[in-house]
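Encoded as structure tokens, the structure appears first; notes follow it.
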Amino acid sequence: MMRSVLITILFCTTFILPLAAQAQKIDPGTLKKTALAHIESGRFGDAIDQLNKYISAIPQNPEGYNLRGLCYENRKEYFNARLDYRRAMALEIKDKKKRAGYEQDLSRLIGIWYPILEKKINGHLREIAINPDTPFNYLEIGKCYMSMELWKEAESWYDKYLARDEKAVPDEIIRYTEILSHSGSITKGERILKKYVERHPDDWRLWSRYGYFTSWLAKHMIAKNAFETALKIKPFFKEAMDGLDIVKNQPYLRQNPRGFEYEYPIDRYYRILKRNPNDIETRYKLADELIAAKRFEEANQQIQIISKLISK
């Protein structure tokens with residue numbers, strides 16, 4: 001049913017978009033050139049739009065990520081900037097000079113961002129000295145340490161926050177589990193998640209995380225049930241689908257708890273499709289994300305490809 005609605009919506013957009021534009025294949029070089037012109041003019045949001053398409057066209061090219069990181073840095077979206085600089089570094093395995101340039105960009109970003117976070121921490125510490133009972137200040141310090149990837153410090157401040165706020169929302173518990181997965185506090189994470197899935201039984205994210213923590217503790221039947229519960233609430237939830245595959249196919253393998261490394265969904269789906277162009281399910285998910293991002297032309301292209309695959 002959802003697929004039919006998706007296809008209907010997307011084909012409706014074809015009447016809005018010029019036919020020539022739909023048929024036209026945009027050259028990646030042109031996308032990059034346009035992005036660079038926007039960067040030169042300080043229009044970093046417009047540059048990101050072009051670089052999104054550029055990265056989608058050639059997802060293994062590190063330059064696109066580095067340029068997008070530069071745009072995010074100038075927009076003070078430091079988390080996204082760090083993510084993209086690291087992607088560029090990971091992909092650049094041939095040209096040592098270029099990789100060194102990407103490393104310099106990352107070092108510059110950290111030199112700007114981390115002092116801002118430290119200043120914010122000091123501000124909240126002053127607030128705590130005045131009123132030690134306000135949970136918000138402990139939470140914000142925990143977030144700052146998380147951003148700096150100081151996992152044990154982040155865990156400690158989140159513990160202090162949760163001790164003062166028994167009604168913490170699921171979003172904060174999800175963030176807390178990311179910290180615990182990095183700090184290695186897996187048993188603690190399982191205990192916390194068990195408490196919060198009982199408190200918020202309709203939150204598929206909490207069930208999915210509960211699945212991961214129990215699987216890391218080799219409690220495979222509990223993990224399987226948790227992932228299946230998450231998928232009943234939110235079908236096709238990628239994180240839970242991946243976890244369920246691990247539990248079903250490798251029940252005796254204990255996973256290395258590296259956390260839930262974030263990758264932009266659109267980038268991930270393009271990367272998967274580059275390896276397997278006939279993966280219709282992933283194309284549906286990609287189209288969904290493209291619609292959400294208002295990238296209708298690309299979404300329409302995906303539906304056209306799906307139609308051809310179905311008709312084979």
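By convention in this document, the chains of the structure tokens carry letters A, B, ... by their order, each chain's residues are numbered from 1, and ligands are numbered from 1 in the order they are shown.
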Skipping near chain neighbours, those fewer than 5 positions away, what residues fall within 9 Å of Ile173 in chain A using only C-alpha atoms, listed as a PDB file with N, CA and C atoms, in the first residue's frame?
```pdb
ATOM      1  N   ALA A 168      13.284  11.325  32.044  1.00  0.00           N
ATOM      2  CA  ALA A 168      14.070  11.596  30.837  1.00  0.00           C
ATOM      3  C   ALA A 168      13.359  11.037  29.614  1.00  0.00           C
ATOM      4  N   GLU A 178      24.370   5.481  23.017  1.00  0.00           N
ATOM      5  CA  GLU A 178      25.510   5.675  22.117  1.00  0.00           C
ATOM      6  C   GLU A 178      26.786   5.879  22.936  1.00  0.00           C
ATOM      7  N   ILE A 192      19.463  -0.162  31.804  1.00  0.00           N
ATOM      8  CA  ILE A 192      18.757   1.099  31.544  1.00  0.00           C
ATOM      9  C   ILE A 192      17.695   0.908  30.475  1.00  0.00           C
ATOM     10  N   LEU A 193      18.054   0.214  29.396  1.00  0.00           N
ATOM     11  CA  LEU A 193      17.120   0.032  28.286  1.00  0.00           C
ATOM     12  C   LEU A 193      15.931  -0.840  28.676  1.00  0.00           C
ATOM     13  N   TYR A 196      13.537   1.396  30.293  1.00  0.00           N
ATOM     14  CA  TYR A 196      12.877   2.397  29.449  1.00  0.00           C
ATOM     15  C   TYR A 196      11.997   1.785  28.362  1.00  0.00           C
ATOM     16  N   LEU A 206      14.140   2.515  21.108  1.00  0.00           N
ATOM     17  CA  LEU A 206      14.564   1.920  22.376  1.00  0.00           C
ATOM     18  C   LEU A 206      14.608   0.394  22.267  1.00  0.00           C
TER      19      LEU A 206
END
```
Original post:
Which distance in Å separates CA of Phe227 in chain A and CA of Asp245 in chain A, to one decimal?
Top reply: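 Spanning CA of Phe227 in chain A to CA of Asp245 in chain A is a straight-line distance of 9.5 Å.
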Original post:
What gap, in Å, lies between CA of Gly184 in chain A and CA of Ile116 in chain A?
Top reply: 27.1 Å
Within 9 Å of Phe136 in chain A, counting only C-alpha atoms, which residues show up once you throw out same-chain ones fewer than 2 positions away? Write them as a compact mmCIF listing (two decimals) with C-alpha atoms, in the first residue's frame, please.
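Contents of result_38.txt, as written:
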```
# COMPACT_ATOMS: atom_id res chain seq x y z
CA HIS A 124 27.13 25.01 33.03
CA THR A 134 18.78 21.44 37.96
CA TYR A 138 24.28 18.00 33.82
CA LEU A 139 22.66 16.92 30.55
CA GLU A 140 24.30 19.72 28.56
CA ILE A 141 27.74 18.93 29.98
CA TYR A 161 21.61 13.88 34.85
CA ASP A 165 15.53 13.48 36.03
```
**OP:** Could you check how far CA of Ala90 in chain A sits from CA of Glu118 in chain A, in Å to one decimal?
**Re:**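 Distance between the two atoms: 27.5 Å.
Among the candidate residues A:Asn249, A:Ser181, A:Thr282, A:Asn276, the one lying nearest to Trp216 in chain A is A:Ser181, with distances computed using only C-alpha atoms.
Using only C-alpha atoms, the residues found no farther than 12 Å from Lys194 in chain A, other than those of its own chain fewer than 3 positions away, are Ile173, Thr177, Thr187, Lys188, Gly189, Glu190, Arg191, Val197, Glu198, Arg199, His200, Pro201, Leu206, Trp207, Ser208, Arg209, Tyr210, Gly211, Tyr212, Phe213, Thr214, Ile222, Ala223 and Ala226 of chain A.
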Please, could you write that set of residues out with N, CA and C atoms as a compact mmCIF listing (two decimals), in the first residue's frame?
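Saved as out_17.txt:
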```
# COMPACT_ATOMS: atom_id res chain seq x y z
N ILE A 173 17.77 8.94 26.21
CA ILE A 173 18.21 7.57 26.48
C ILE A 173 18.92 7.00 25.25
N THR A 177 22.72 5.67 25.22
CA THR A 177 23.17 4.34 24.79
C THR A 177 24.33 4.44 23.81
N THR A 187 26.54 -3.83 30.18
CA THR A 187 25.59 -4.33 31.18
C THR A 187 24.73 -3.19 31.72
N LYS A 188 25.36 -2.06 31.99
CA LYS A 188 24.59 -0.90 32.45
C LYS A 188 23.57 -0.49 31.38
N GLY A 189 24.00 -0.48 30.13
CA GLY A 189 23.09 -0.11 29.05
C GLY A 189 21.90 -1.03 28.94
N GLU A 190 22.13 -2.34 29.10
CA GLU A 190 21.02 -3.28 29.06
C GLU A 190 20.02 -2.99 30.18
N ARG A 191 20.53 -2.73 31.36
CA ARG A 191 19.66 -2.47 32.51
C ARG A 191 18.82 -1.21 32.30
N VAL A 197 12.25 0.54 27.92
CA VAL A 197 11.30 -0.07 26.99
C VAL A 197 10.01 -0.42 27.71
N GLU A 198 10.11 -0.70 29.00
CA GLU A 198 8.89 -0.93 29.80
C GLU A 198 8.14 0.39 30.00
N ARG A 199 8.88 1.46 30.11
CA ARG A 199 8.27 2.78 30.31
C ARG A 199 7.71 3.36 29.02
N HIS A 200 8.38 3.06 27.90
CA HIS A 200 7.95 3.58 26.57
C HIS A 200 7.86 2.40 25.60
N PRO A 201 6.85 1.54 25.75
CA PRO A 201 6.79 0.30 24.96
C PRO A 201 6.55 0.51 23.47
N LEU A 206 14.14 2.51 21.11
CA LEU A 206 14.56 1.92 22.38
C LEU A 206 14.61 0.39 22.27
N TRP A 207 13.62 -0.20 21.61
CA TRP A 207 13.61 -1.65 21.45
C TRP A 207 14.80 -2.11 20.61
N SER A 208 15.11 -1.36 19.58
CA SER A 208 16.24 -1.73 18.73
C SER A 208 17.55 -1.67 19.51
N ARG A 209 17.74 -0.59 20.26
CA ARG A 209 18.97 -0.49 21.06
C ARG A 209 19.02 -1.60 22.12
N TYR A 210 17.88 -1.92 22.70
CA TYR A 210 17.82 -3.01 23.67
C TYR A 210 18.27 -4.31 23.01
N GLY A 211 17.87 -4.49 21.75
CA GLY A 211 18.31 -5.66 21.00
C GLY A 211 19.82 -5.73 20.86
N TYR A 212 20.44 -4.60 20.54
CA TYR A 212 21.90 -4.60 20.38
C TYR A 212 22.61 -4.90 21.70
N PHE A 213 22.18 -4.25 22.75
CA PHE A 213 22.87 -4.45 24.03
C PHE A 213 22.71 -5.88 24.54
N THR A 214 21.53 -6.46 24.37
CA THR A 214 21.35 -7.85 24.81
C THR A 214 22.12 -8.82 23.90
N ILE A 222 16.44 -12.89 23.71
CA ILE A 222 15.91 -11.59 24.14
C ILE A 222 16.17 -10.56 23.06
N ALA A 223 17.37 -10.58 22.47
CA ALA A 223 17.73 -9.63 21.42
C ALA A 223 16.81 -9.80 20.21
N ALA A 226 13.52 -8.35 20.88
CA ALA A 226 13.57 -6.89 20.90
C ALA A 226 13.59 -6.31 19.50
```
Surrounding residues of Lys94 in chain A excluding itself and chain neighbours under 6 positions, 12 Å, only C-alpha atoms, as an mmCIF file with C-alpha atoms, in the first residue's frame:
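Final file, result_19.cif:
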```cif
data_model
loop_
_atom_site.group_PDB
_atom_site.id
_atom_site.type_symbol
_atom_site.label_atom_id
_atom_site.label_comp_id
_atom_site.auth_asym_id
_atom_site.auth_seq_id
_atom_site.Cartn_x
_atom_site.Cartn_y
_atom_site.Cartn_z
ATOM 1 C CA ASN A 61 35.083 10.209 -4.244
ATOM 2 C CA PRO A 62 36.509 11.806 -1.053
ATOM 3 C CA ALA A 88 37.058 12.050 3.115
ATOM 4 C CA ALA A 100 47.072 15.332 4.664
#
```
Original post:
Between A:Met148, A:Leu273, A:Ile121, A:Ala230, which has the minimum distance to Asp202 in chain A (counting only C-alpha atoms)?
Top reply: A:Ala230
Original post:
Neighbours of Arg86 in chain A within 12 Å (only C-alpha atoms; same-chain residues fewer than 5 positions away dropped), as a PyMOL selection string?
Top reply: chain A and resi 62-63+65-70+79-81+91-92+99-107+109-110+261-263
**OP:** Go through A:Gly111, A:Gly243, A:Gly29, A:Gly142 one by one, measure the shortest atom-to-atom distance of each to Leu125 in chain A using only C-alpha atoms, and give the residue with the smallest value.
**Re:** A:Gly142
Original post:
In terms of the shortest atom-to-atom distance over only C-alpha atoms, which of A:Glu239, A:Arg271, A:Glu297, A:Ala47 is closest to Ile26 in chain A?
Top reply: A:Glu297
